[in-house]
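File shown: my_file_31.csv (CSV, C-alpha atoms).
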chain,number,residue,atom,x,y,z
A,240,MET,CA,9.0,16.6,5.5
A,241,THR,CA,12.3,18.2,6.4
A,242,ASN,CA,14.0,18.4,9.8
A,243,ASP,CA,13.1,22.1,10.0
A,244,GLU,CA,9.4,21.4,9.3
A,245,LEU,CA,9.5,18.7,12.0
A,246,GLN,CA,11.1,21.2,14.5
A,247,ALA,CA,8.4,23.7,13.8
A,248,TRP,CA,5.7,21.0,14.2
A,249,VAL,CA,7.1,19.7,17.5
A,250,GLU,CA,7.3,23.3,18.8
A,251,GLU,CA,3.6,23.9,17.8
A,252,ILE,CA,2.4,20.6,19.4
A,253,SER,CA,4.3,21.5,22.6
A,254,LEU,CA,2.7,24.9,22.9
A,255,HIS,CA,-0.8,23.7,21.9
A,256,SER,CA,-1.0,20.5,23.9
A,257,PHE,CA,1.3,21.2,26.9
A,258,GLY,CA,1.3,25.0,27.1
A,259,LEU,CA,5.1,24.9,27.4
A,260,PRO,CA,7.7,25.7,24.8
A,261,PHE,CA,10.0,23.1,23.3
A,262,ARG,CA,13.5,24.7,23.3
A,263,HIS,CA,15.7,21.9,22.0
A,264,LYS,CA,16.2,20.1,18.8
A,265,ALA,CA,13.9,17.6,17.1
A,266,SER,CA,15.0,15.7,14.0
A,267,PHE,CA,14.3,12.6,12.0
A,268,ASN,CA,16.5,9.5,12.5
A,269,ALA,CA,16.2,6.9,9.8
A,270,ARG,CA,18.3,4.4,11.8
A,271,LEU,CA,15.4,3.8,14.2
A,272,ARG,CA,13.8,0.5,13.4
A,273,THR,CA,11.6,-0.8,16.3
A,274,THR,CA,10.7,2.5,17.9
A,275,GLY,CA,8.7,5.5,16.8
A,276,GLY,CA,10.8,8.1,18.6
A,277,ARG,CA,13.4,8.7,21.2
A,278,TYR,CA,14.0,11.3,23.9
A,279,PHE,CA,17.6,12.0,25.0
A,280,MET,CA,17.9,12.9,28.7
A,281,ARG,CA,21.3,14.5,28.5
A,282,THR,CA,20.7,16.8,25.5
A,283,HIS,CA,16.9,16.9,25.7
A,284,HIS,CA,16.7,16.3,21.9
A,285,ILE,CA,14.0,14.2,20.3
A,286,ASP,CA,14.5,11.8,17.4
A,287,ILE,CA,11.5,10.7,15.3
A,288,ASN,CA,11.4,7.7,13.0
A,289,PRO,CA,10.6,8.9,9.5
A,290,HIS,CA,9.4,5.5,8.4
A,291,GLN,CA,6.4,5.9,10.8
A,292,LEU,CA,5.4,9.1,8.8
A,293,GLU,CA,5.7,7.2,5.5
A,294,ALA,CA,3.7,4.2,6.7
A,295,PHE,CA,1.0,5.7,9.0
A,296,GLY,CA,0.8,9.5,8.3
A,297,ARG,CA,0.8,12.6,10.3
A,298,GLU,CA,-1.8,11.6,12.9
A,299,GLU,CA,0.2,8.7,14.2
A,300,VAL,CA,3.4,10.6,14.2
A,301,GLU,CA,1.7,13.4,16.2
A,302,LYS,CA,0.9,10.9,18.9
A,303,ILE,CA,4.5,9.7,18.9
A,304,ILE,CA,5.7,13.3,19.2
A,305,LYS,CA,3.3,13.8,22.2
A,306,HIS,CA,4.7,10.7,23.8
A,307,GLU,CA,8.2,12.0,23.5
A,308,LEU,CA,7.2,15.5,24.7
A,309,CYS,CA,5.7,13.9,27.8
A,310,HIS,CA,9.1,12.5,28.6
A,311,TYR,CA,10.7,15.9,27.8
A,312,HIS,CA,8.4,18.1,29.9
A,313,LEU,CA,8.2,15.8,32.9
A,314,HIS,CA,12.0,15.2,32.9
A,315,LEU,CA,12.7,19.0,32.8
A,316,ALA,CA,10.1,19.5,35.6
A,317,GLY,CA,11.8,16.9,37.8
A,318,ARG,CA,8.8,14.7,37.9
A,319,GLY,CA,8.2,11.0,36.9
A,320,TYR,CA,9.1,10.8,33.2
A,321,GLN,CA,9.5,7.0,32.8
A,322,HIS,CA,6.9,4.8,31.2
A,323,ARG,CA,6.0,3.2,34.6
A,324,ASP,CA,5.4,6.4,36.4
A,325,PRO,CA,1.8,7.4,37.1
A,326,GLU,CA,2.5,11.1,36.2
A,327,PHE,CA,3.8,10.0,32.8
A,328,LYS,CA,0.7,7.8,32.2
A,329,ALA,CA,-1.7,10.6,33.3
A,330,LEU,CA,-0.1,13.2,31.1
A,331,LEU,CA,0.1,10.9,28.1
A,332,HIS,CA,-3.7,10.2,28.5
A,333,LYS,CA,-4.5,13.9,29.0
A,334,VAL,CA,-2.7,14.9,25.7
A,335,GLU,CA,-3.9,11.8,23.8
A,336,GLY,CA,-0.5,10.5,23.0
A,337,SER,CA,0.2,7.0,22.0
A,338,ARG,CA,1.5,4.5,24.6
A,339,TYR,CA,3.1,2.3,21.8
A,340,CYS,CA,3.8,2.9,18.2
A,341,GLN,CA,2.5,0.7,15.5
A,342,SER,CA,4.8,-2.0,14.0
A,343,LEU,CA,6.1,-1.1,10.6
A,344,PRO,CA,5.0,-3.3,7.7
A,345,GLY,CA,7.5,-6.0,7.0
A,346,THR,CA,9.3,-5.8,10.4
A,347,SER,CA,7.4,-8.6,12.2
A,348,GLY,CA,9.3,-11.5,10.6
A,349,ARG,CA,11.5,-12.4,13.5
A,350,ARG,CA,8.8,-12.2,16.1
A,351,SER,CA,6.3,-14.4,14.1
A,352,GLN,CA,8.6,-17.4,14.6
A,353,PRO,CA,9.3,-17.6,18.3
A,354,TYR,CA,11.9,-20.4,18.2
A,355,ARG,CA,14.7,-20.3,15.6
A,356,TYR,CA,17.1,-23.0,17.0
A,357,LYS,CA,16.7,-26.6,18.3
A,358,LEU,CA,19.1,-28.5,20.5
A,359,VAL,CA,18.8,-32.3,20.6
A,360,CYS,CA,20.3,-34.7,23.2
A,361,THR,CA,22.4,-37.3,21.5
A,362,ARG,CA,21.5,-39.9,24.1
A,363,CYS,CA,17.8,-39.6,25.0
A,364,ARG,CA,16.6,-37.4,22.0
A,365,MET,CA,15.2,-34.7,24.3
A,366,GLU,CA,14.6,-31.4,22.3
A,367,TYR,CA,15.3,-27.9,23.5
A,368,LEU,CA,13.9,-25.0,21.5
A,369,ARG,CA,15.8,-21.8,21.7
A,370,LYS,CA,15.2,-18.2,20.5
A,371,ARG,CA,18.9,-17.4,20.5
A,372,LYS,CA,21.8,-19.3,19.1
A,373,VAL,CA,23.9,-21.0,21.8
A,374,ASP,CA,27.0,-23.2,21.8
A,375,PRO,CA,25.8,-26.7,22.4
A,376,GLY,CA,29.2,-27.8,23.8
A,377,ARG,CA,28.7,-25.6,26.9
A,378,TYR,CA,25.5,-27.4,27.9
A,379,ARG,CA,24.3,-30.9,28.8
A,380,CYS,CA,20.9,-32.5,28.7
A,381,GLY,CA,18.8,-31.8,31.8
A,382,ARG,CA,17.2,-35.3,31.8
A,383,CYS,CA,20.2,-37.6,31.2
A,384,SER,CA,23.3,-35.4,31.1
A,385,GLY,CA,24.0,-36.4,27.5
A,386,THR,CA,25.7,-34.1,25.0
A,387,LEU,CA,23.7,-31.7,22.9
A,388,ARG,CA,23.9,-31.0,19.2
A,389,MET,CA,22.3,-28.3,17.0
A,390,ALA,CA,19.5,-29.6,14.7
A,391,GLU,CA,17.3,-28.3,12.0
A,392,LEU,CA,14.1,-26.7,13.1

Can the structure from this file be put into structure tokens for me?
Amino acid sequence: MTNDELQAWVEEISLHSFGLPFRHKASFNARLRTTGGRYFMRTHHIDINPHQLEAFGREEVEKIIKHELCHYHLHLAGRGYQHRDPEFKALLHKVEGSRYCQSLPGTSGRRSQPYRYKLVCTRCRMEYLRKRKVDPGRYRCGRCSGTLRMAEL
């Protein structure tokens, strides 16, 4: 699917589901990794992840487009367009858009292993599991105030 075909599809969904025209630009953005789509408040453009189309098909992408169009139409109307707003949730439910997009195959590797680093106290052997890498020289053991070192997990 090309960007022109996507533009026509978004315009059609906007008229059919919302009864309002989409007057801005919709395009594919292959750099999106963890999200299905994105709405830009300043330009009112919409980006769609083409990997979602390849992995899950037109039905799933249509739900993503409806989600982004909810942001678009509510923002232009000056109403609650954020995920937490009741107006957004009600409109999304009404047009049958998706609240969350599906995870792409092969992208759940980092989340399947919650802890990637381990700090060990050199004095009392207390272990601290960390998701992010830290400099052990900046921290001390909470139990005995000993120095910490990075260890294999």

My list of candidates is A:Met280, A:Met240, A:Leu271, A:Ala247. Which is closest to Thr346 of chain A when distances are computed with all atoms listed in the file?
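Distance minimum relative to Thr346 of chain A lands on A:Leu271.
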
Quote the spacing between atom CA of Glu307 of chain A and atom CA of Leu343 of chain A in Å to one decimal place.
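Going from atom CA of Glu307 of chain A over to atom CA of Leu343 of chain A covers 18.5 Å.
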
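Straight-line separation from atom CA of Arg272 of chain A to atom CA of Lys333 of chain A: 27.5 Å.
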
So that I can check the surroundings of Arg338 of chain A, please list as a list in words every protein, DNA and RNA residue that reaches within 9 Å of it, counting only C-alpha atoms and ignoring chain neighbours fewer than 5 positions away.
Lys302, Ile303, His306, His322, Lys328, Leu331 and His332 of chain A

Give the answer as one residue: which of A:Leu292, A:Cys380, A:Ile252, A:Leu259 has the shortest atom-to-atom distance to Gly275 of chain A, using only C-alpha atoms?
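Looking only at the distances to Gly275 of chain A, the closest residue turns out to be A:Leu292.
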
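Take atom CA of Asp243 of chain A and atom CA of Tyr320 of chain A: the distance between them is 26.1 Å.
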
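Across A:Tyr354, A:Asp374, A:Thr273, A:His283, the tightest approach to Tyr339 of chain A is made by A:Thr273 when counting all atoms listed in the file.
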
Nearest candidate to Ala269 of chain A (options A:His290, A:Lys372, A:His284, A:His312; using only C-alpha atoms)
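Checking each candidate against Ala269 of chain A, we get A:His290 as the closest.
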
Write out as a count of residues only the residues lying within 9 Å of Glu391 of chain A, counting only C-alpha atoms and excluding same-chain residues fewer than 4 positions away.
3

Taking (5.5, 9.2, 15.8) as a centre in this file's frame and 12 Å as the limit, can you find every polymer residue with an atom that close, using all atoms listed in the file, and give them as an NGL selection string?
:A and (245 or 248-249 or 265-268 or 271 or 273-278 or 285-308 or 336-343)

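Excluding Thr386 of chain A itself and same-chain residues fewer than 6 positions from it, the residues having an atom within 9 Å of it are Val359, Cys360, Thr361, Arg362, Pro375, Gly376, Tyr378, Arg379 and Cys380 of chain A, counting only C-alpha atoms.
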
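For the residues A:Leu392, A:Leu330, A:Leu254, A:Cys309, ranking by smallest atom-to-atom distance to Tyr367 of chain A using all atoms listed in the file places A:Leu392 first.
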
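Of the residues under consideration (A:Cys363, A:Leu313, A:Val334, A:Ala329), A:Cys363 shows the shortest atom-to-atom contact distance to Gly381 of chain A when counting only C-alpha atoms.
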
With the input short on atoms, add N, CA, C and O atoms back to segment 253-266 of chain A and write it as a compact mmCIF listing (two decimals), in the coordinates of the input.
# COMPACT_ATOMS: atom_id res chain seq x y z
N SER A 253 3.96 21.24 21.19
CA SER A 253 4.30 21.50 22.60
C SER A 253 3.54 22.66 23.16
O SER A 253 3.03 22.57 24.28
N LEU A 254 3.45 23.73 22.40
CA LEU A 254 2.70 24.90 22.90
C LEU A 254 1.21 24.61 22.97
O LEU A 254 0.56 24.99 23.94
N HIS A 255 0.68 23.95 21.97
CA HIS A 255 -0.80 23.70 21.90
C HIS A 255 -1.21 22.68 22.94
O HIS A 255 -2.20 22.89 23.65
N SER A 256 -0.52 21.56 23.05
CA SER A 256 -1.00 20.50 23.90
C SER A 256 -0.48 20.58 25.36
O SER A 256 -1.16 20.13 26.28
N PHE A 257 0.72 21.13 25.54
CA PHE A 257 1.30 21.20 26.90
C PHE A 257 1.34 22.58 27.48
O PHE A 257 1.54 22.73 28.68
N GLY A 258 1.19 23.60 26.63
CA GLY A 258 1.30 25.00 27.10
C GLY A 258 2.66 25.40 27.50
O GLY A 258 2.85 26.40 28.17
N LEU A 259 3.67 24.64 27.06
CA LEU A 259 5.10 24.90 27.40
C LEU A 259 5.89 24.89 26.08
O LEU A 259 5.59 24.09 25.19
N PRO A 260 6.92 25.71 25.99
CA PRO A 260 7.70 25.70 24.80
C PRO A 260 8.71 24.53 24.70
O PRO A 260 9.15 24.03 25.74
N PHE A 261 9.01 24.11 23.50
CA PHE A 261 10.00 23.10 23.30
C PHE A 261 11.27 23.88 22.80
O PHE A 261 11.27 24.50 21.74
N ARG A 262 12.35 23.88 23.60
CA ARG A 262 13.50 24.70 23.30
C ARG A 262 14.74 23.94 22.85
O ARG A 262 15.84 24.48 22.87
N HIS A 263 14.55 22.71 22.46
CA HIS A 263 15.70 21.90 22.00
C HIS A 263 15.49 21.44 20.58
O HIS A 263 14.64 21.98 19.88
N LYS A 264 16.23 20.46 20.17
CA LYS A 264 16.20 20.10 18.80
C LYS A 264 15.42 18.79 18.55
O LYS A 264 15.52 17.83 19.31
N ALA A 265 14.62 18.81 17.50
CA ALA A 265 13.90 17.60 17.10
C ALA A 265 14.31 17.31 15.63
O ALA A 265 14.42 18.22 14.80
N SER A 266 14.56 16.04 15.37
CA SER A 266 15.00 15.70 14.00
C SER A 266 14.58 14.25 13.70
O SER A 266 14.23 13.47 14.58
